[in-house]
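Enquirer: Got a structure for you, written out below as structure tokens; questions coming shortly.
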Amino acid sequence: MGVPHWLIIDPRDGSAVHYWAPTRRTGEVTYDNRQHYLFGDTVTVAGWKIDTAGLPRYAAGGGR
């Protein structure tokens with residue numbers, strides 16, 4: 001779809017990935033850039049700052 005910024009947050013392992021700069025080299029949308037984060041990091045997405053320190057983590061086994 002070519003969303004300019006894509007942030008995936010995974011509360012199972014306390015990580016996040018920011019994808020940006022979509023391209024269509026092979027007919028499919030892919031992203032030229034990505035940055036990995038851990039909960040506790042501050043994530044900057046298109047000028048927005050997201051403090052991940054307070055995000056809840058899932059308990060072992062997938063529940064909250």
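We name chains A, B, ... following the order of the structure tokens; residues begin at 1 in each chain, and ligands are numbered from 1 as shown.
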Do a neighbour search on range 40-55 of chain A at 9 Å with only C-alpha atoms, toss out local chain neighbours closer than 4 positions, and write the hits as a list in words.
Expert: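 Within the cut-off, the hits are Pro4, His5, Trp6, Leu7, Pro11, Gly14, Ala16, His18 and Trp20 of chain A.
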Enquirer: How would you write, as a PyMOL selection string, the set of residues in chain A that DSSP gives as strand (DSSP E)?
Expert: chain A and resi 5-10+15-23+30-38+42-45+48-51
Enquirer: Deliver the residues from the most recent selection as a file, using N, CA and C atoms, as an mmCIF file, in the first residue's frame.
Expert:
```
data_model
loop_
_atom_site.group_PDB
_atom_site.id
_atom_site.type_symbol
_atom_site.label_atom_id
_atom_site.label_comp_id
_atom_site.auth_asym_id
_atom_site.auth_seq_id
_atom_site.Cartn_x
_atom_site.Cartn_y
_atom_site.Cartn_z
ATOM 1 N N HIS A 5 5.132 5.634 6.698
ATOM 2 C CA HIS A 5 5.795 5.172 7.919
ATOM 3 C C HIS A 5 4.965 4.045 8.503
ATOM 4 N N TRP A 6 5.647 2.993 8.899
ATOM 5 C CA TRP A 6 4.978 1.805 9.430
ATOM 6 C C TRP A 6 5.692 1.441 10.718
ATOM 7 N N LEU A 7 4.976 1.450 11.844
ATOM 8 C CA LEU A 7 5.571 1.102 13.123
ATOM 9 C C LEU A 7 4.865 -0.131 13.653
ATOM 10 N N ILE A 8 5.616 -1.186 13.851
ATOM 11 C CA ILE A 8 5.067 -2.432 14.371
ATOM 12 C C ILE A 8 5.611 -2.609 15.787
ATOM 13 N N ILE A 9 4.703 -2.689 16.756
ATOM 14 C CA ILE A 9 5.075 -2.856 18.158
ATOM 15 C C ILE A 9 4.645 -4.245 18.599
ATOM 16 N N ASP A 10 5.583 -4.981 19.182
ATOM 17 C CA ASP A 10 5.314 -6.355 19.603
ATOM 18 C C ASP A 10 5.418 -6.453 21.122
ATOM 19 N N SER A 15 9.539 -5.309 21.665
ATOM 20 C CA SER A 15 10.315 -4.719 20.578
ATOM 21 C C SER A 15 9.399 -3.927 19.643
ATOM 22 N N ALA A 16 10.036 -3.123 18.800
ATOM 23 C CA ALA A 16 9.320 -2.358 17.784
ATOM 24 C C ALA A 16 10.220 -2.228 16.567
ATOM 25 N N VAL A 17 9.606 -2.112 15.398
ATOM 26 C CA VAL A 17 10.342 -1.882 14.163
ATOM 27 C C VAL A 17 9.637 -0.766 13.409
ATOM 28 N N HIS A 18 10.406 0.237 12.991
ATOM 29 C CA HIS A 18 9.895 1.351 12.192
ATOM 30 C C HIS A 18 10.402 1.173 10.762
ATOM 31 N N TYR A 19 9.475 1.107 9.819
ATOM 32 C CA TYR A 19 9.800 1.027 8.392
ATOM 33 C C TYR A 19 9.418 2.347 7.742
ATOM 34 N N TRP A 20 10.260 2.847 6.812
ATOM 35 C CA TRP A 20 9.917 4.056 6.076
ATOM 36 C C TRP A 20 10.609 4.050 4.716
ATOM 37 N N ALA A 21 10.237 5.003 3.877
ATOM 38 C CA ALA A 21 10.734 5.149 2.503
ATOM 39 C C ALA A 21 10.274 3.979 1.623
ATOM 40 N N PRO A 22 8.950 3.868 1.389
ATOM 41 C CA PRO A 22 8.457 2.783 0.529
ATOM 42 C C PRO A 22 8.902 2.964 -0.922
ATOM 43 N N THR A 23 9.199 1.853 -1.586
ATOM 44 C CA THR A 23 9.572 1.855 -3.000
ATOM 45 C C THR A 23 8.856 0.697 -3.692
ATOM 46 N N THR A 30 8.084 -2.309 -1.001
ATOM 47 C CA THR A 30 9.067 -2.683 0.006
ATOM 48 C C THR A 30 9.588 -1.399 0.637
ATOM 49 N N TYR A 31 10.286 -1.506 1.732
ATOM 50 C CA TYR A 31 10.779 -0.321 2.425
ATOM 51 C C TYR A 31 12.298 -0.288 2.390
ATOM 52 N N ASP A 32 12.853 0.879 2.016
ATOM 53 C CA ASP A 32 14.302 1.041 1.939
ATOM 54 C C ASP A 32 14.954 1.150 3.316
ATOM 55 N N ASN A 33 14.202 1.589 4.315
ATOM 56 C CA ASN A 33 14.789 1.824 5.628
ATOM 57 C C ASN A 33 13.992 1.140 6.726
ATOM 58 N N ARG A 34 14.717 0.691 7.744
ATOM 59 C CA ARG A 34 14.056 0.156 8.933
ATOM 60 C C ARG A 34 14.980 0.349 10.130
ATOM 61 N N GLN A 35 14.357 0.517 11.283
ATOM 62 C CA GLN A 35 15.091 0.696 12.534
ATOM 63 C C GLN A 35 14.417 -0.141 13.600
ATOM 64 N N HIS A 36 15.200 -0.912 14.329
ATOM 65 C CA HIS A 36 14.689 -1.759 15.408
ATOM 66 C C HIS A 36 14.839 -1.026 16.734
ATOM 67 N N TYR A 37 13.865 -1.231 17.631
ATOM 68 C CA TYR A 37 13.868 -0.623 18.951
ATOM 69 C C TYR A 37 13.477 -1.662 19.990
ATOM 70 N N LEU A 38 13.824 -1.385 21.240
ATOM 71 C CA LEU A 38 13.373 -2.174 22.376
ATOM 72 C C LEU A 38 12.529 -1.279 23.270
ATOM 73 N N THR A 42 13.050 5.668 22.932
ATOM 74 C CA THR A 42 12.127 6.656 22.368
ATOM 75 C C THR A 42 12.179 6.505 20.857
ATOM 76 N N VAL A 43 11.031 6.266 20.250
ATOM 77 C CA VAL A 43 10.914 6.046 18.806
ATOM 78 C C VAL A 43 10.452 7.351 18.163
ATOM 79 N N THR A 44 11.145 7.792 17.126
ATOM 80 C CA THR A 44 10.732 8.981 16.376
ATOM 81 C C THR A 44 10.189 8.537 15.029
ATOM 82 N N VAL A 45 8.941 8.884 14.767
ATOM 83 C CA VAL A 45 8.279 8.536 13.513
ATOM 84 C C VAL A 45 7.689 9.806 12.928
ATOM 85 N N TRP A 48 7.047 12.630 15.248
ATOM 86 C CA TRP A 48 6.383 12.238 16.499
ATOM 87 C C TRP A 48 7.375 11.452 17.339
ATOM 88 N N LYS A 49 7.397 11.719 18.635
ATOM 89 C CA LYS A 49 8.250 10.962 19.552
ATOM 90 C C LYS A 49 7.360 10.084 20.424
ATOM 91 N N ILE A 50 7.673 8.795 20.460
ATOM 92 C CA ILE A 50 6.887 7.826 21.214
ATOM 93 C C ILE A 50 7.804 7.197 22.259
ATOM 94 N N ASP A 51 7.495 7.420 23.529
ATOM 95 C CA ASP A 51 8.267 6.827 24.620
ATOM 96 C C ASP A 51 7.701 5.432 24.877
#
```
